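Data block for run.cif (mmCIF, C-alpha atoms and all ligand atoms):
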data_query
#
loop_
_atom_site.label_atom_id
_atom_site.label_comp_id
_atom_site.auth_asym_id
_atom_site.auth_seq_id
_atom_site.Cartn_x
_atom_site.Cartn_y
_atom_site.Cartn_z
CA MET A 1 85.72 126.85 107.07
CA SER A 2 89.16 125.42 106.33
CA SER A 3 91.96 127.31 104.61
CA LYS A 4 91.62 124.97 101.61
CA ALA A 5 87.86 125.53 101.41
CA ALA A 6 88.51 129.24 101.26
CA SER A 7 90.76 128.85 98.23
CA VAL A 8 88.75 126.61 95.89
CA LEU A 9 85.57 127.77 94.24
CA ARG A 10 83.14 125.20 92.86
CA ARG A 11 79.81 126.92 93.52
CA ALA A 12 78.32 125.29 90.43
CA LEU A 13 79.43 122.08 88.72
CA LEU A 14 77.61 121.81 85.40
CA TYR A 15 77.33 118.44 83.66
CA VAL A 16 77.58 118.52 79.90
CA PRO A 17 76.81 115.21 78.10
CA SER A 18 79.92 114.51 75.99
CA SER A 19 77.89 112.64 73.39
CA SER A 20 76.31 115.91 72.27
CA PRO A 21 78.45 118.19 70.06
CA ARG A 22 75.70 120.82 70.45
CA PHE A 23 76.02 120.84 74.26
CA LEU A 24 79.82 120.81 74.07
CA GLU A 25 79.83 123.85 71.81
CA LYS A 26 77.24 125.57 73.97
CA SER A 27 79.46 125.13 77.05
CA ARG A 28 82.27 127.09 75.38
CA GLY A 29 80.42 130.38 75.92
CA LEU A 30 79.24 129.75 79.49
CA THR A 31 80.49 131.41 82.67
CA VAL A 32 80.78 128.73 85.35
CA ASP A 33 83.18 127.66 88.09
CA THR A 34 83.41 123.99 87.04
CA VAL A 35 82.15 122.07 84.04
CA SER A 36 82.09 118.28 84.08
CA TYR A 37 81.96 116.74 80.63
CA ASP A 38 80.06 113.54 81.19
CA LEU A 39 80.95 110.07 79.96
CA GLU A 40 78.78 108.27 82.51
CA ASP A 41 75.01 108.15 82.83
CA SER A 42 74.03 110.82 80.30
CA VAL A 43 75.83 108.80 77.59
CA THR A 44 74.42 105.46 76.37
CA PRO A 45 76.81 102.48 76.16
CA ALA A 46 76.78 102.59 72.36
CA GLN A 47 77.74 106.29 72.37
CA LYS A 48 80.69 105.99 74.78
CA PRO A 49 83.48 105.66 72.15
CA ALA A 50 82.21 108.68 70.17
CA ALA A 51 81.78 110.67 73.39
CA ARG A 52 85.40 109.94 74.41
CA LYS A 53 86.59 111.19 71.03
CA ASN A 54 84.41 114.34 71.28
CA ILE A 55 85.80 115.21 74.65
CA GLN A 56 89.40 114.53 73.67
CA ASP A 57 88.99 116.89 70.68
CA PHE A 58 87.17 119.50 72.74
CA LEU A 59 89.79 119.59 75.49
CA SER A 60 92.56 119.89 72.92
CA GLN A 61 91.18 123.20 71.63
CA PRO A 62 91.83 126.57 73.34
CA ARG A 63 90.29 126.78 76.81
CA PRO A 64 86.77 128.23 77.04
CA PRO A 65 87.40 131.72 78.41
CA HIS A 66 84.95 131.78 81.32
CA ILE A 67 85.12 128.26 82.72
CA ASN A 68 87.46 128.10 85.67
CA GLU A 69 87.85 124.34 85.94
CA LEU A 70 87.49 121.74 83.20
CA SER A 71 86.69 118.24 84.40
CA VAL A 72 85.47 114.96 82.96
CA ARG A 73 83.15 112.52 84.69
CA ILE A 74 84.46 109.08 83.76
CA ASN A 75 82.56 105.85 84.25
CA ALA A 76 82.68 104.05 87.59
CA VAL A 77 85.76 101.93 88.31
CA SER A 78 83.43 98.94 88.85
CA SER A 79 81.92 99.36 85.34
CA GLY A 80 85.07 98.16 83.61
CA LEU A 81 84.95 101.25 81.36
CA ALA A 82 87.08 103.60 83.47
CA LEU A 83 90.44 102.57 82.05
CA ASP A 84 89.32 103.22 78.46
CA ASP A 85 87.90 106.59 79.56
CA LEU A 86 91.15 107.55 81.29
CA THR A 87 93.36 106.36 78.44
CA SER A 88 91.40 108.60 76.13
CA VAL A 89 90.84 111.78 78.19
CA LEU A 90 94.22 111.94 79.93
CA GLN A 91 95.78 112.75 76.55
CA ALA A 92 93.86 116.05 76.43
CA PRO A 93 95.96 119.05 77.46
CA ASN A 94 93.26 121.18 79.10
CA LEU A 95 92.05 118.86 81.82
CA ASP A 96 92.02 120.05 85.44
CA ALA A 97 90.00 117.45 87.32
CA LEU A 98 88.23 114.10 87.15
CA VAL A 99 84.84 113.37 88.66
CA ILE A 100 84.72 109.72 89.75
CA PRO A 101 81.21 108.27 90.09
CA LYS A 102 80.08 105.49 92.44
CA VAL A 103 83.11 105.66 94.71
CA ASN A 104 82.16 102.98 97.22
CA ARG A 105 85.49 102.24 98.88
CA ALA A 106 89.06 103.49 99.02
CA SER A 107 90.23 101.03 96.35
CA ASP A 108 88.15 102.87 93.72
CA LEU A 109 90.29 105.95 94.23
CA HIS A 110 93.51 103.91 94.54
CA PHE A 111 92.84 102.58 91.04
CA VAL A 112 92.44 106.06 89.52
CA THR A 113 95.43 107.43 91.44
CA ASP A 114 97.64 104.60 90.13
CA VAL A 115 96.51 105.26 86.55
CA LEU A 116 97.24 109.00 86.91
CA ARG A 117 100.75 108.36 88.23
CA HIS A 118 101.43 105.90 85.44
CA ALA A 119 99.89 107.90 82.57
CA LEU A 120 100.93 111.40 83.62
CA PRO A 121 104.02 110.99 85.83
CA GLU A 122 105.17 114.59 85.24
CA ARG A 123 101.93 115.92 86.80
CA HIS A 124 101.86 113.41 89.65
CA SER A 125 105.41 113.23 91.02
CA ALA A 126 106.13 114.35 94.58
CA SER A 127 107.36 117.76 93.38
CA SER A 128 104.67 118.56 90.78
CA THR A 129 102.45 121.52 91.53
CA ASN A 130 99.64 120.95 89.04
CA PRO A 131 98.21 117.44 89.54
CA LEU A 132 94.78 116.51 88.26
CA LYS A 133 92.28 116.81 91.08
CA LEU A 134 89.78 114.10 91.91
CA ILE A 135 86.20 114.72 92.99
CA ALA A 136 84.37 111.64 94.31
CA LEU A 137 80.65 110.99 93.91
CA ILE A 138 79.11 109.41 96.99
CA GLU A 139 76.03 107.50 95.84
CA SER A 140 75.43 104.48 98.09
CA ALA A 141 75.01 103.26 101.64
CA GLU A 142 78.35 101.46 101.33
CA ALA A 143 80.05 104.74 100.39
CA ILE A 144 78.57 106.52 103.39
CA THR A 145 79.86 103.84 105.74
CA ASN A 146 83.33 104.07 104.13
CA LEU A 147 83.61 107.87 104.03
CA ASN A 148 86.58 108.07 106.35
CA GLU A 149 88.65 105.64 104.25
CA ILE A 150 87.53 107.26 100.98
CA CYS A 151 88.62 110.71 102.19
CA LYS A 152 92.12 109.36 102.94
CA ALA A 153 92.47 107.33 99.74
CA SER A 154 94.23 109.77 97.41
CA PRO A 155 96.40 112.87 97.83
CA TYR A 156 94.61 114.28 94.77
CA LEU A 157 91.14 114.10 96.29
CA SER A 158 89.73 117.60 96.36
CA GLY A 159 86.04 117.18 97.09
CA LEU A 160 82.95 115.03 97.57
CA ILE A 161 79.65 115.16 95.70
CA PHE A 162 76.35 113.77 96.93
CA ALA A 163 74.34 111.92 94.27
CA ALA A 164 70.77 111.74 95.51
CA GLU A 165 69.18 109.73 92.71
CA ASP A 166 71.51 106.73 92.93
CA PHE A 167 71.46 106.94 96.73
CA ALA A 168 67.65 106.86 96.70
CA LEU A 169 67.78 103.83 94.40
CA ASP A 170 70.24 102.05 96.67
CA LEU A 171 68.16 102.60 99.80
CA SER A 172 64.73 102.35 98.13
CA LEU A 173 63.95 105.90 99.21
CA THR A 174 61.50 108.26 97.59
CA ARG A 175 62.72 111.81 97.11
CA THR A 176 60.44 114.35 98.76
CA PRO A 177 60.48 118.17 98.42
CA SER A 178 61.86 118.58 101.97
CA LEU A 179 64.83 116.29 101.14
CA MET A 180 64.56 115.10 104.74
CA GLU A 181 65.33 111.50 103.71
CA PHE A 182 68.86 112.60 102.67
CA LEU A 183 69.71 114.50 105.84
CA TYR A 184 71.97 111.85 107.36
CA ALA A 185 73.92 111.23 104.15
CA ARG A 186 74.38 114.93 103.38
CA SER A 187 75.51 115.74 106.89
CA ALA A 188 77.88 112.76 106.91
CA ILE A 189 79.45 113.95 103.64
CA ALA A 190 79.86 117.57 104.76
CA THR A 191 81.35 116.43 108.08
CA ALA A 192 83.77 113.91 106.55
CA ALA A 193 85.01 116.43 103.98
CA ARG A 194 85.65 118.96 106.71
CA ALA A 195 87.42 116.40 108.93
CA HIS A 196 89.83 115.64 106.07
CA ASP A 197 90.19 119.24 104.92
CA LEU A 198 88.73 118.57 101.46
CA PRO A 199 87.83 121.94 99.97
CA SER A 200 84.64 121.06 98.04
CA THR A 201 81.32 119.61 99.11
CA ILE A 202 78.89 119.64 96.22
CA ASP A 203 75.23 119.00 96.83
CA LEU A 204 72.53 117.01 95.03
CA VAL A 205 71.08 117.85 91.60
CA CYS A 206 67.90 119.88 91.53
CA THR A 207 65.87 118.24 88.79
CA SER A 208 63.68 121.31 88.12
CA PHE A 209 65.28 123.82 85.82
CA ARG A 210 62.52 125.43 83.78
CA GLY A 211 60.81 128.72 84.56
CA PRO A 212 60.68 130.85 87.71
CA GLU A 213 59.15 128.01 89.78
CA GLY A 214 61.99 125.65 88.88
CA LEU A 215 64.62 128.23 89.75
CA LYS A 216 62.86 129.10 93.02
CA THR A 217 63.03 125.42 94.03
CA LEU A 218 66.70 125.41 93.05
CA GLU A 219 67.44 128.46 95.17
CA GLN A 220 65.71 126.96 98.21
CA GLU A 221 67.66 123.72 97.78
CA CYS A 222 70.93 125.66 97.51
CA LEU A 223 70.25 127.57 100.72
CA GLN A 224 69.34 124.37 102.53
CA GLY A 225 72.55 122.70 101.28
CA LYS A 226 74.62 125.70 102.32
CA GLY A 227 73.05 125.42 105.77
CA LEU A 228 74.21 121.80 105.97
CA GLY A 229 77.80 122.71 105.10
CA PHE A 230 77.90 122.28 101.31
CA ASN A 231 79.69 124.90 99.23
CA GLY A 232 78.46 124.03 95.74
CA LYS A 233 75.70 122.44 93.67
CA GLN A 234 75.60 120.03 90.74
CA CYS A 235 73.77 121.58 87.79
CA ILE A 236 72.29 119.90 84.73
CA HIS A 237 71.22 122.93 82.70
CA PRO A 238 72.89 126.30 82.00
CA SER A 239 69.86 128.09 83.48
CA GLN A 240 70.76 126.74 86.92
CA VAL A 241 74.33 128.02 87.07
CA GLU A 242 73.75 131.65 87.96
CA VAL A 243 71.28 130.81 90.75
CA ALA A 244 73.70 128.27 92.27
CA GLN A 245 76.71 130.58 92.00
CA ARG A 246 74.81 133.41 93.66
CA ALA A 247 73.48 131.19 96.45
CA PHE A 248 76.92 129.75 97.24
CA ALA A 249 78.63 133.15 97.29
CA PRO A 250 78.23 135.19 100.48
CA GLY A 251 75.28 137.59 100.18
CA GLU A 252 75.63 141.37 100.40
CA LYS A 253 74.31 141.58 103.98
CA GLU A 254 76.48 138.63 105.04
CA VAL A 255 79.65 140.31 103.74
CA GLU A 256 78.76 143.66 105.36
CA TRP A 257 78.17 141.97 108.70
CA ALA A 258 81.44 140.01 108.37
CA MET A 259 83.41 143.15 107.56
CA ARG A 260 81.91 145.01 110.51
CA VAL A 261 82.94 142.12 112.78
CA VAL A 262 86.48 142.07 111.35
CA ILE A 263 86.93 145.85 111.73
CA GLY A 264 85.27 145.95 115.15
CA ASP A 265 87.47 143.08 116.29
CA GLU A 266 90.68 144.77 115.15
CA LYS A 267 89.75 147.71 117.40
CA ALA A 268 88.54 145.53 120.29
CA ASP A 269 91.75 143.54 120.07
CA ALA A 270 93.86 146.71 120.15
CA GLY A 271 91.91 147.76 123.24
CA GLY A 272 92.57 144.39 124.90
CA ARG A 273 89.00 143.03 124.60
CA GLY A 274 88.42 139.42 123.52
CA ALA A 275 84.61 139.54 123.62
CA TRP A 276 82.47 142.51 122.62
CA THR A 277 79.06 143.18 121.12
CA LEU A 278 77.71 144.14 117.72
CA ASP A 279 74.04 145.00 117.25
CA GLY A 280 73.42 143.65 120.74
CA LYS A 281 74.97 140.22 120.05
CA MET A 282 78.16 138.84 121.57
CA ILE A 283 81.19 138.56 119.29
CA ASP A 284 84.07 136.29 120.31
CA VAL A 285 86.81 134.17 118.73
CA PRO A 286 84.71 131.64 116.71
CA VAL A 287 82.38 134.39 115.44
CA VAL A 288 85.40 136.42 114.30
CA GLY A 289 86.83 133.29 112.63
CA LYS A 290 83.60 132.80 110.68
CA ALA A 291 83.54 136.49 109.69
CA LYS A 292 87.13 136.32 108.40
CA ALA A 293 86.30 133.19 106.36
CA THR A 294 83.27 134.96 104.88
CA VAL A 295 85.39 137.94 103.82
CA GLN A 296 87.98 135.60 102.28
CA ARG A 297 85.34 133.69 100.31
CA ALA A 298 83.69 136.95 99.21
CA GLN A 299 87.04 138.06 97.81
CA LEU A 300 87.42 134.72 96.00
CA CYS A 301 83.93 135.24 94.51
CA GLY A 302 85.04 138.58 93.05
CA ILE A 303 83.21 140.82 95.54
CA ASP A 304 84.93 144.18 96.12
CA VAL A 305 85.73 143.72 99.82
CA ASP A 306 88.01 146.79 99.89
CA ALA A 307 85.02 149.01 99.08
CA ILE A 308 83.04 147.39 101.89
CA ARG A 309 85.96 147.88 104.30
CA GLU A 310 86.09 151.56 103.33
CA LYS A 311 82.35 151.90 103.97
CA TRP A 312 82.62 150.42 107.48
CA LYS A 313 86.04 151.74 108.50
CA HIS A 314 84.53 153.67 111.43
CA GLN A 315 82.87 150.58 112.93
CA GLU A 316 83.55 150.49 116.67
CA PRO A 317 83.08 147.56 119.07
CA GLU A 318 80.14 148.18 121.38
N1 LIG B 401 75.23 121.65 78.90
C1 LIG B 401 75.40 122.53 77.89
N2 LIG B 401 74.40 123.09 77.21
C2 LIG B 401 73.14 122.73 77.54
C3 LIG B 401 72.90 121.81 78.58
C4 LIG B 401 74.00 121.26 79.27
N3 LIG B 401 73.84 120.38 80.27
N4 LIG B 401 71.56 121.65 78.70
C5 LIG B 401 70.99 122.45 77.79
N5 LIG B 401 71.94 123.10 77.07
C6 LIG B 401 71.77 124.11 76.03
C7 LIG B 401 71.03 123.61 74.81
O1 LIG B 401 71.98 123.17 73.87
C8 LIG B 401 70.32 124.86 74.36
O2 LIG B 401 71.20 125.68 73.67
P1 LIG B 401 71.05 125.99 72.09
O3 LIG B 401 69.59 126.20 71.87
O4 LIG B 401 71.88 127.20 71.87
O5 LIG B 401 71.56 124.76 71.46
C9 LIG B 401 70.03 125.61 75.61
O6 LIG B 401 70.96 125.13 76.57
C10 LIG B 401 68.63 125.41 76.12
O7 LIG B 401 68.41 124.01 76.26
P2 LIG B 401 66.96 123.41 76.49
O8 LIG B 401 66.25 123.30 75.18
O9 LIG B 401 66.28 124.18 77.56
O10 LIG B 401 67.29 121.97 77.08
P3 LIG B 401 67.11 120.60 76.36
O11 LIG B 401 65.66 120.24 76.38
O12 LIG B 401 67.85 120.59 75.07
O13 LIG B 401 67.86 119.61 77.39
C11 LIG B 401 68.23 118.31 79.34
C12 LIG B 401 67.38 119.39 78.70
C13 LIG B 401 67.86 118.12 80.79
C14 LIG B 401 68.02 116.99 78.58
C15 LIG B 401 69.73 118.74 79.23
O14 LIG B 401 69.84 119.98 79.89
C16 LIG B 401 70.74 117.76 79.72
O15 LIG B 401 71.02 116.74 79.07
N6 LIG B 401 71.39 118.02 80.88
C17 LIG B 401 72.46 117.26 81.40
C18 LIG B 401 71.96 115.96 81.99
C19 LIG B 401 73.10 115.19 82.60
O16 LIG B 401 74.26 115.43 82.34
N7 LIG B 401 72.77 114.23 83.48
C20 LIG B 401 73.76 113.45 84.15
C21 LIG B 401 74.25 114.13 85.38
S1 LIG B 401 73.08 114.14 86.68
MG MG B 402 74.88 108.61 89.65
#
Could I get this structure in the form of structure tokens?
Ligand code: COA
Ligand code: MG
Amino acid sequence: MSSKAASVLRRALLYVPSSSPRFLEKSRGLTVDTVSYDLEDSVTPAQKPAARKNIQDFLSQPRPPHINELSVRINAVSSGLALDDLTSVLQAPNLDALVIPKVNRASDLHFVTDVLRHALPERHSASSTNPLKLIALIESAEAITNLNEICKASPYLSGLIFAAEDFALDLSLTRTPSLMEFLYARSAIATAARAHDLPSTIDLVCTSFRGPEGLKTLEQECLQGKGLGFNGKQCIHPSQVEVAQRAFAPGEKEVEWAMRVVIGDEKADAGGRGAWTLDGKMIDVPVVGKAKATVQRAQLCGIDVDAIREKWKHQEPE
């Protein structure tokens, strides 16, 4: 895990259709890492102007207390609607990030970056510390083949999202429960983000959201995505957020193990030992690196790591 990945938390990114005042108001009371107010596919063409106005008004009111990051998903640069979206939403004071759909090549992000520098120069000068962050949706074969260039296209790029439905459409794939057909694309995205030190990799939408069965499917998808290197999940319904945020935070056992490795390693190191064992398994430099990253992420997720350190302070290297 990179240092940047350890400092940005987007375990759940919840889409809220901006055309719906009811959904906008509902979002105000939610607890979620990132909300993305949508102007793209959940809003019909006829509703786009009203949705822009809704979102501009909403983001001009006091910040919702328990949403860490407020973002807007604009329309794709290729749609011809992006400039109107940006002109409208960039006036809102409480905007932290933009989600850019259908990023197919570097020029899509160059366009948005140029608009940001022109429209909000004070936030996008060389010395500014609070620029808007960009999160790019990867939704096509062309995007996958251009990942390297896309990742280098903007200094404000802060993450990649995999959009399974549009990707399946592009490649004429049928989504199956195993998600095996997306393995190459998901791995390519997680690998490219890591290679360019982008902190967020946000996985495909789970379309089931109702009842225990739906949430079980969601949890399994989250764990599979985590195993592929993703650190967050797109959500479409408030019921999905808690499951995703739990799955993408380190689990209790994971943090305990990591803390035991960190403490054991401090003692092994003091005793001049680079490799040692814990529960019969070898611990060496990369394992210790992973354990330290887990402790750091646990802290970011609000887990009381000091209490866990206290519990395991007598851990010795075997
Ligand atoms: N954001 C904010 N609030 C939402 C929400 C969302 N995405 N989805 C549902 N809610 C709210 C509803 O307003 C309702 O609250 P209320 O009764 O206090 O008004 C509550 O959550 C329960 O909603 P529910 O009745 O279960 O859902 P629904 O049938 O109204 O809507 C969907 C279901 C799937 C249509 C809706 O969740 C949705 O539009 N999701 C986003 C889809 C989207 O953005 N797609 C594009 C990105 S992939
Ligand atoms: Mg899409």
| field | Ser208 in chain A environment, 8 Å, all atoms listed in the file, sequence neighbours closer than 4 positions dropped, as a VMD selection string | value | chain A and resid 214 to 215 217 to 218
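Between CA of Leu228 in chain A and CA of Ala249 in chain A there is a distance of 15.0 Å.
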Determine the axis-aligned bounding box of all atoms of range 218-223 of chain A present in the file, pad each side by 5 Å, and express its centre and edge lengths in Å to one decimal place as lines of an AutoDock Vina configuration file.
center_x = 68.3
center_y = 126.1
center_z = 96.9
size_x = 15.2
size_y = 14.7
size_z = 17.7
| said: Taking only C-alpha atoms and all ligand atoms and a cut-off of 7 Å, can you tell me which residues surround ligand LIG 401 (chain B), written as a list in words? | reply: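 After applying the 7 Å limit, what remains is Leu14, Tyr15, Val16, Pro17, Arg22, Phe23, Leu24, Lys26, Ser27, Asp38, Asp41, Ser42, Val205, Ile236, His237 and Pro238 of chain A.
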Selected residues, C-alpha atoms, written as a PDB file, in the coordinates of the input, please.
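Saved the output as selection11.pdb:
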ATOM      1  CA  LEU A  14      77.610 121.810  85.400  1.00  0.00           C
ATOM      2  CA  TYR A  15      77.330 118.440  83.660  1.00  0.00           C
ATOM      3  CA  VAL A  16      77.580 118.520  79.900  1.00  0.00           C
ATOM      4  CA  PRO A  17      76.810 115.210  78.100  1.00  0.00           C
ATOM      5  CA  ARG A  22      75.700 120.820  70.450  1.00  0.00           C
ATOM      6  CA  PHE A  23      76.020 120.840  74.260  1.00  0.00           C
ATOM      7  CA  LEU A  24      79.820 120.810  74.070  1.00  0.00           C
ATOM      8  CA  LYS A  26      77.240 125.570  73.970  1.00  0.00           C
ATOM      9  CA  SER A  27      79.460 125.130  77.050  1.00  0.00           C
ATOM     10  CA  ASP A  38      80.060 113.540  81.190  1.00  0.00           C
ATOM     11  CA  ASP A  41      75.010 108.150  82.830  1.00  0.00           C
ATOM     12  CA  SER A  42      74.030 110.820  80.300  1.00  0.00           C
ATOM     13  CA  VAL A 205      71.080 117.850  91.600  1.00  0.00           C
ATOM     14  CA  ILE A 236      72.290 119.900  84.730  1.00  0.00           C
ATOM     15  CA  HIS A 237      71.220 122.930  82.700  1.00  0.00           C
ATOM     16  CA  PRO A 238      72.890 126.300  82.000  1.00  0.00           C
TER      17      PRO A 238
END
| said: If we count all atoms listed in the file and set the cut-off at 12 Å, which residues sit around Ala126 in chain A, ignoring sequence neighbours fewer than 3 positions away in its own chain? Please answer as a PyMOL selection string. | reply: chain A and resi 117+121-123+129-131+155-156
| message | Given only C-alpha atoms and all ligand atoms as the basis, pick out the residue of A:Gln61, A:Thr145, A:Asn75, A:Gln315 nearest to ligand MG 402 (chain B). | response |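 Smallest distance to ligand MG 402 (chain B) is found for A:Asn75.
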| said: Could you list, as a list in words, every residue within 9 Å of Leu90 in chain A, counting all atoms listed in the file and ignoring same-chain residues fewer than 2 positions away? | reply: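 With the cut-off at 9 Å, the set is Gln56, Asp85, Leu86, Thr87, Ser88, Ala92, Pro93, Leu95, Leu116, Ala119 and Leu120 of chain A.
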| query | Which chains and residue numbers are within 12 Å of ligand MG 402 (chain B), counting all atoms listed in the file, if I want them as a ChimeraX atom specification? | reply | /A:15,38-42,73-76,99-104,136-140,161-170,204-205,234
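Between CA of His66 in chain A and CA of Arg28 in chain A the interatomic distance comes to 8.0 Å.
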| query | How far is it from CA of Tyr184 in chain A to CA of Gln245 in chain A, in Å with one decimal? | reply |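 Computing it gives 24.7 Å between the two atoms.
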